[in-house]
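Here is input_33.txt, consisting of compact mmCIF, C-alpha atoms:
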# COMPACT_ATOMS: atom_id res chain seq x y z
CA MET A 246 70.92 107.27 105.04
CA ILE A 247 74.00 107.84 102.89
CA THR A 248 75.87 111.09 103.43
CA ILE A 249 78.14 112.94 101.02
CA LYS A 250 80.54 115.43 102.54
CA ASN A 251 83.05 117.69 100.82
CA GLU A 252 86.21 117.40 102.89
CA THR A 253 89.87 118.36 102.58
CA ILE A 254 92.09 115.40 103.42
CA ALA A 255 95.86 115.89 103.47
CA GLN A 256 95.18 119.17 101.59
CA VAL A 257 93.31 117.29 98.84
CA PRO A 258 89.68 118.29 98.10
CA SER A 259 87.66 115.09 98.38
CA LEU A 260 84.18 113.70 98.69
CA HIS A 261 83.49 111.36 101.60
CA VAL A 262 80.59 109.00 100.88
CA VAL A 263 79.35 106.58 103.54
CA LYS A 264 76.29 105.41 105.42
CA ASP A 265 75.63 107.82 108.25
CA THR A 266 75.59 104.93 110.74
CA LEU A 267 79.11 103.92 109.65
CA ARG A 268 80.69 107.38 109.45
CA ASN A 269 82.68 107.04 112.67
CA GLU A 270 83.25 103.27 112.55
CA GLN A 271 86.94 102.43 112.14
CA SER A 272 86.09 98.92 110.91
CA THR A 273 84.25 100.23 107.82
CA PRO A 274 85.99 98.95 104.66
CA THR A 275 87.38 101.92 102.76
CA ILE A 276 87.88 102.55 99.05
CA PHE A 277 89.76 105.38 97.32
CA PHE A 278 88.33 106.27 93.89
CA PHE A 279 90.48 108.14 91.34
CA HIS A 280 88.75 109.86 88.42
CA GLY A 281 89.84 110.18 84.81
CA PHE A 282 91.62 112.87 82.79
CA THR A 283 89.63 116.15 82.53
CA SER A 284 87.03 114.68 84.90
CA ALA A 285 86.40 115.46 88.59
CA LYS A 286 85.53 113.69 91.81
CA GLU A 287 81.78 114.33 91.45
CA ASN A 288 81.62 112.37 88.19
CA ASN A 289 81.98 109.04 89.98
CA LEU A 290 79.40 109.68 92.68
CA HIS A 291 76.98 107.15 91.22
CA VAL A 292 79.50 104.35 91.78
CA ALA A 293 80.41 105.64 95.24
CA TYR A 294 76.74 105.70 96.20
CA LEU A 295 76.27 102.07 95.22
CA LEU A 296 79.40 101.10 97.15
CA ALA A 297 78.21 103.03 100.20
CA GLN A 298 74.90 101.18 100.04
CA LYS A 299 76.89 97.97 100.48
CA GLY A 300 78.59 99.27 103.60
CA PHE A 301 81.79 100.81 102.21
CA ARG A 302 83.37 104.16 103.00
CA VAL A 303 84.45 105.87 99.76
CA PHE A 304 86.82 108.79 99.29
CA LEU A 305 86.90 110.54 95.91
CA PRO A 306 89.79 113.03 95.61
CA ASP A 307 90.21 115.68 92.95
CA ALA A 308 93.41 115.08 90.98
CA LEU A 309 95.93 117.87 90.46
CA TYR A 310 94.62 120.52 88.00
CA HIS A 311 91.13 118.97 88.12
CA GLY A 312 87.86 119.84 89.83
CA GLU A 313 88.40 122.28 92.67
CA ARG A 314 92.12 122.23 91.87
CA GLU A 315 91.75 123.33 88.26
CA ILE A 316 93.94 126.28 87.37
CA GLU A 317 93.07 128.25 84.26
CA GLN A 318 96.57 128.36 82.82
CA HIS A 319 96.84 124.57 83.07
CA SER A 320 93.47 123.70 81.62
CA GLU A 321 94.77 123.83 78.04
CA ASN A 322 98.11 122.18 78.78
CA ARG A 323 97.12 119.23 80.93
CA ASP A 324 98.47 116.86 78.26
CA LEU A 325 101.96 117.92 79.26
CA ALA A 326 101.11 117.46 82.94
CA PHE A 327 99.54 113.99 82.58
CA TRP A 328 102.27 112.06 84.36
CA GLU A 329 102.80 114.81 86.91
CA ILE A 330 99.12 114.47 87.81
CA ILE A 331 99.39 110.71 88.19
CA LEU A 332 102.57 110.75 90.28
CA THR A 333 101.12 113.47 92.51
CA SER A 334 97.96 111.41 93.07
CA ILE A 335 100.05 108.39 94.04
CA GLN A 336 101.94 110.43 96.63
CA GLU A 337 98.76 112.04 97.92
CA LEU A 338 97.07 108.66 98.34
CA ASP A 339 99.45 107.65 101.10
CA ALA A 340 99.20 111.08 102.71
CA MET A 341 95.42 110.74 102.76
CA ARG A 342 95.68 107.26 104.24
CA SER A 343 98.00 108.51 106.99
CA GLU A 344 95.72 111.40 107.96
CA LEU A 345 92.61 109.24 107.97
CA LYS A 346 94.40 106.63 110.06
CA GLU A 347 95.29 109.31 112.63
CA LYS A 348 91.62 110.24 112.75
CA GLY A 349 90.68 106.64 113.49
CA LEU A 350 88.70 106.20 110.28
CA LEU A 351 90.63 103.36 108.63
CA CYS A 352 90.94 99.64 109.10
CA GLU A 353 94.33 98.68 107.62
CA ASP A 354 93.09 95.27 106.53
CA LYS A 355 90.19 96.70 104.50
CA LEU A 356 91.61 99.25 102.07
CA GLY A 357 90.93 99.18 98.33
CA VAL A 358 91.59 101.43 95.33
CA ILE A 359 89.58 101.88 92.13
CA GLY A 360 90.19 104.15 89.18
CA THR A 361 88.78 105.16 85.82
CA SER A 362 91.14 105.69 82.87
CA MET A 363 93.83 108.04 84.24
CA GLY A 364 92.60 107.08 87.70
CA ALA A 365 93.13 103.39 86.91
CA ILE A 366 96.63 104.16 85.65
CA THR A 367 97.17 105.91 88.99
CA MET A 368 95.91 102.80 90.79
CA PHE A 369 98.37 100.53 88.95
CA GLY A 370 101.25 102.80 89.94
CA ALA A 371 100.09 102.85 93.55
CA LEU A 372 100.22 99.05 93.64
CA THR A 373 103.99 99.25 93.09
CA GLN A 374 104.39 101.46 96.16
CA TYR A 375 101.85 100.51 98.81
CA PRO A 376 101.48 96.96 100.15
CA TRP A 377 98.60 98.25 102.30
CA ILE A 378 96.31 98.23 99.23
CA LYS A 379 94.40 94.97 99.71
CA THR A 380 92.46 94.87 96.44
CA ALA A 381 92.06 97.02 93.34
CA VAL A 382 89.83 97.67 90.34
CA SER A 383 90.76 99.11 86.95
CA PHE A 384 88.23 100.64 84.60
CA MET A 385 89.93 101.00 81.17
CA GLY A 386 93.38 101.72 82.58
CA THR A 387 96.83 100.30 81.89
CA ALA A 388 99.78 99.13 83.95
CA TYR A 389 102.21 99.71 81.03
CA TYR A 390 103.51 103.13 81.99
CA GLU A 391 106.42 103.30 79.55
CA THR A 392 104.48 101.85 76.62
CA PHE A 393 101.55 104.19 77.17
CA ALA A 394 103.87 107.18 77.63
CA TYR A 395 105.44 106.59 74.23
CA GLY A 396 101.96 106.36 72.73
CA LEU A 397 100.98 109.68 74.29
CA LEU A 398 104.13 111.32 72.95
CA GLU A 399 103.40 110.07 69.44
CA THR A 400 99.84 111.38 69.67
CA ALA A 401 101.08 114.76 70.92
CA GLN A 402 103.55 115.02 68.03
CA ARG A 403 100.83 114.27 65.48
CA ARG A 404 98.85 117.15 66.98
CA GLY A 405 101.84 119.44 66.59
CA LEU A 406 102.68 119.54 70.29
CA LEU A 407 106.45 119.13 70.49
CA VAL A 408 108.08 117.94 73.70
CA GLU A 409 111.81 118.47 74.11
CA GLU A 410 113.84 115.28 74.21
CA SER A 411 115.29 116.17 77.61
CA LEU A 412 111.78 116.54 79.03
CA GLN A 413 110.79 113.19 77.52
CA GLU A 414 113.78 111.48 79.11
CA ASP A 415 113.09 113.09 82.46
CA MET A 416 109.46 112.00 82.35
CA LEU A 417 110.32 108.42 81.44
CA LYS A 418 112.87 108.30 84.26
CA LYS A 419 110.32 109.52 86.79
CA ILE A 420 107.57 107.06 85.84
CA LYS A 421 109.82 104.00 85.59
CA PRO A 422 109.58 103.00 89.30
CA PHE A 423 105.76 102.97 89.00
CA ASP A 424 105.54 100.70 85.94
CA LEU A 425 103.81 97.61 87.35
CA SER A 426 104.22 95.73 84.06
CA LYS A 427 107.98 95.57 84.70
CA GLN A 428 107.67 94.39 88.31
CA LEU A 429 104.79 91.94 88.44
CA ASP A 430 105.96 90.58 91.78
CA LYS A 431 104.77 93.84 93.38
CA LEU A 432 101.18 92.72 92.89
CA ASP A 433 102.00 89.94 95.35
CA GLY A 434 98.80 87.99 94.85
CA ARG A 435 96.51 90.89 95.71
CA PRO A 436 93.05 90.65 94.12
CA LEU A 437 92.71 92.67 90.92
CA PHE A 438 89.68 93.17 88.68
CA MET A 439 90.10 94.79 85.26
CA TRP A 440 87.42 95.95 82.83
CA HIS A 441 87.94 97.36 79.34
CA GLY A 442 85.80 98.07 76.30
CA LYS A 443 87.23 96.57 73.12
CA ALA A 444 86.38 99.70 71.09
CA ASP A 445 88.33 102.04 73.40
CA GLU A 446 90.19 104.66 71.32
CA VAL A 447 91.81 106.43 74.28
CA VAL A 448 93.50 103.72 76.34
CA PRO A 449 94.24 100.76 74.04
CA TYR A 450 92.25 97.67 74.97
CA PRO A 451 95.04 95.24 73.90
CA LEU A 452 97.21 96.49 76.77
CA SER A 453 94.70 95.19 79.32
CA GLU A 454 94.41 91.85 77.58
CA GLN A 455 98.19 91.56 77.37
CA PHE A 456 98.61 92.39 81.07
CA TYR A 457 95.99 89.82 82.03
CA ASN A 458 97.73 87.17 79.96
CA GLU A 459 101.09 87.98 81.52
CA LEU A 460 99.67 87.67 85.02
CA THR A 461 97.96 84.37 84.32
CA THR A 462 100.91 82.75 82.52
CA THR A 463 104.15 84.33 83.72
CA TYR A 464 103.18 85.32 87.25
CA LYS A 465 100.44 82.70 87.62
CA GLN A 466 97.88 84.89 89.36
CA THR A 467 94.95 82.68 90.41
CA PRO A 468 91.42 83.07 88.98
CA ASP A 469 90.09 83.87 92.45
CA ASN A 470 92.38 86.88 92.69
CA LEU A 471 92.38 88.02 89.07
CA GLN A 472 89.49 88.68 86.72
CA PHE A 473 89.36 90.47 83.40
CA MET A 474 86.11 91.53 81.75
CA ALA A 475 86.00 92.80 78.17
CA GLU A 476 82.95 94.17 76.38
CA GLU A 477 82.45 94.21 72.64
CA LYS A 478 81.62 97.49 70.86
CA VAL A 479 82.16 99.54 74.04
CA GLY A 480 84.38 102.60 73.85
CA HIS A 481 85.98 104.78 76.49
CA LYS A 482 83.02 104.79 78.84
CA VAL A 483 82.40 102.56 81.85
CA SER A 484 79.36 100.34 81.44
CA ARG A 485 76.82 99.59 84.15
CA THR A 486 77.86 95.95 83.91
CA ALA A 487 81.41 96.95 84.86
CA VAL A 488 80.18 99.08 87.76
CA LEU A 489 78.09 96.27 89.24
CA LYS A 490 80.91 93.77 88.81
CA SER A 491 83.32 96.08 90.62
CA ILE A 492 80.94 96.33 93.56
CA ASP A 493 80.70 92.53 93.72
CA TRP A 494 84.49 92.37 93.60
CA PHE A 495 84.93 94.69 96.57
CA GLU A 496 82.26 92.84 98.51
CA GLN A 497 84.13 89.60 97.96
CA HIS A 498 87.65 90.83 98.63
CA LEU A 499 87.30 93.53 101.27
CA LYS A 500 84.97 91.29 103.30
CA THR A 501 82.45 94.00 104.05
CA LYS A 502 79.64 93.38 106.47
CA VAL A 503 76.48 95.06 105.25
CA SER A 504 74.93 97.26 107.87
CA SER A 505 71.30 98.27 108.01
Structure re-expressed in structure tokens:
Amino acid sequence: MITIKNETIAQVPSLHVVKDTLRNEQSTPTIFFFHGFTSAKENNLHVAYLLAQKGFRVFLPDALYHGEREIEQHSENRDLAFWEIILTSIQELDAMRSELKEKGLLCEDKLGVIGTSMGAITMFGALTQYPWIKTAVSFMGTAYYETFAYGLLETAQRRGLLVEESLQEDMLKKIKPFDLSKQLDKLDGRPLFMWHGKADEVVPYPLSEQFYNELTTTYKQTPDNLQFMAEEKVGHKVSRTAVLKSIDWFEQHLKTKVSS
């Protein structure tokens, strides 16, 4: 039986999804799943369920200003808080790991991170900070923090949302240390799977293709540790093909042992 519990971990509302027989097993491979912009932790339960079936423990936190943490006055201005949300999630990830470790629920050699859209952008930033992440999956995210930030600013300006130059500079300064595209060595050979629909109008598909090419040519990431899947005529929505591939990826790289 798979259980889903609503828990607060390091003050972060989260869902804990795992086989009941593995709930208290420290050796259970563990995955943190970050959701997308304007989404919530519950929206990725279908993926977490499939992962739990394979013997993984999955934690799905609500990002700042999302889900249980949504605050009315921020709901219309989350565009301005986009990078604040991401940087907060990166900090909270390590706090969650520390608390779960104290509770004896984590195996340090079996920790993975997956994210969708904003959650995948969060994942890429976390890779620059935490060597304890053993493998990662990106659904339609990007590692190009600075490039994507400029794109968001241009979009905001076209919509009539003006951001003061000082605030822009401050934001760019804060996100710079988390830009994996400018410090490829931080990946350090860790297994990474990326998926992106070629018709994505939210997070540009070419950024994923470019990042993959940089890793395979400049940094020489091996095919065993790096895979990129693109789907024609697919927009900003994760396909079932991508979901199943991500589960295979975690099975391969977190070395899970399926329990009955």
Counting only C-alpha atoms, the residue of A:Leu309, A:Lys478, A:Val303, A:Phe393 that sits nearest Val358 in chain A: A:Val303
Counting all atoms listed in the file, the option among A:Ala487, A:Cys352, A:Ile335, A:Ala394 closest to Gln374 in chain A: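 Counting all atoms listed in the file, the residue closest to Gln374 in chain A is A:Ile335.
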Point-to-point distance in Å for CA of Pro258 in chain A and CA of Met368 in chain A: 18.2 Å
Nearest to Thr380 in chain A, chosen from A:Val408, A:Leu429, A:Leu460, A:Leu499, with all atoms listed in the file counted in the distances: A:Leu499
Protein/DNA/RNA residues near (92.2, 101.5, 92.4), cut 10 Å, all atoms listed in the file, as JSON, numbers by chain: {"A": [276, 277, 278, 279, 280, 356, 357, 358, 359, 360, 361, 364, 365, 366, 367, 368, 369, 370, 371, 372, 378, 380, 381, 382, 383, 384, 386, 437, 438]}
Output for the residues just chosen: C-alpha atoms as a PDB file, in the frame of the given file:
ATOM      1  CA  ILE A 276      87.880 102.550  99.050  1.00  0.00           C
ATOM      2  CA  PHE A 277      89.760 105.380  97.320  1.00  0.00           C
ATOM      3  CA  PHE A 278      88.330 106.270  93.890  1.00  0.00           C
ATOM      4  CA  PHE A 279      90.480 108.140  91.340  1.00  0.00           C
ATOM      5  CA  HIS A 280      88.750 109.860  88.420  1.00  0.00           C
ATOM      6  CA  LEU A 356      91.610  99.250 102.070  1.00  0.00           C
ATOM      7  CA  GLY A 357      90.930  99.180  98.330  1.00  0.00           C
ATOM      8  CA  VAL A 358      91.590 101.430  95.330  1.00  0.00           C
ATOM      9  CA  ILE A 359      89.580 101.880  92.130  1.00  0.00           C
ATOM     10  CA  GLY A 360      90.190 104.150  89.180  1.00  0.00           C
ATOM     11  CA  THR A 361      88.780 105.160  85.820  1.00  0.00           C
ATOM     12  CA  GLY A 364      92.600 107.080  87.700  1.00  0.00           C
ATOM     13  CA  ALA A 365      93.130 103.390  86.910  1.00  0.00           C
ATOM     14  CA  ILE A 366      96.630 104.160  85.650  1.00  0.00           C
ATOM     15  CA  THR A 367      97.170 105.910  88.990  1.00  0.00           C
ATOM     16  CA  MET A 368      95.910 102.800  90.790  1.00  0.00           C
ATOM     17  CA  PHE A 369      98.370 100.530  88.950  1.00  0.00           C
ATOM     18  CA  GLY A 370     101.250 102.800  89.940  1.00  0.00           C
ATOM     19  CA  ALA A 371     100.090 102.850  93.550  1.00  0.00           C
ATOM     20  CA  LEU A 372     100.220  99.050  93.640  1.00  0.00           C
ATOM     21  CA  ILE A 378      96.310  98.230  99.230  1.00  0.00           C
ATOM     22  CA  THR A 380      92.460  94.870  96.440  1.00  0.00           C
ATOM     23  CA  ALA A 381      92.060  97.020  93.340  1.00  0.00           C
ATOM     24  CA  VAL A 382      89.830  97.670  90.340  1.00  0.00           C
ATOM     25  CA  SER A 383      90.760  99.110  86.950  1.00  0.00           C
ATOM     26  CA  PHE A 384      88.230 100.640  84.600  1.00  0.00           C
ATOM     27  CA  GLY A 386      93.380 101.720  82.580  1.00  0.00           C
ATOM     28  CA  LEU A 437      92.710  92.670  90.920  1.00  0.00           C
ATOM     29  CA  PHE A 438      89.680  93.170  88.680  1.00  0.00           C
TER      30      PHE A 438
END
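Separating CA of Asn458 in chain A from CA of Thr387 in chain A is a distance of 13.3 Å.
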Between CA of Phe473 in chain A and CA of Trp440 in chain A, distance in Å (one decimal):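 CA of Trp440 in chain A lies 5.8 Å from CA of Phe473 in chain A.
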Contact residues around Lys421 in chain A with all atoms listed in the file at 12 Å, ignoring same-chain residues under 2 positions, as a count of residues only: 23
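Distances to Val483 in chain A were evaluated for A:Glu409, A:Phe304, A:Gly442, A:Ile420 using all atoms listed in the file, and the minimum falls at A:Gly442.
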Residues within 8 Å of (93.8, 91.2, 104.9), counting only C-alpha atoms, listed as a count of residues only: 5
Best match for closeness to Leu452 in chain A among A:Gly434, A:Gly396, A:Gly349, A:Pro274, counting all atoms listed in the file: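 Under the stated criterion, the closest residue is A:Gly396.
Restricting the calculation to all atoms listed in the file, the smallest distance between Gln413 in chain A and any of A:Ala340, A:Ala326, A:Leu296, A:Leu471 is found for A:Ala326.
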Padded axis-aligned box of range 477-491 of chain A (4 Å per side), centre and edge lengths, Å, one decimal, as JSON:
{"center_x": 81.4, "center_y": 99.3, "center_z": 80.7, "size_x": 17.2, "size_y": 19.0, "size_z": 27.8}
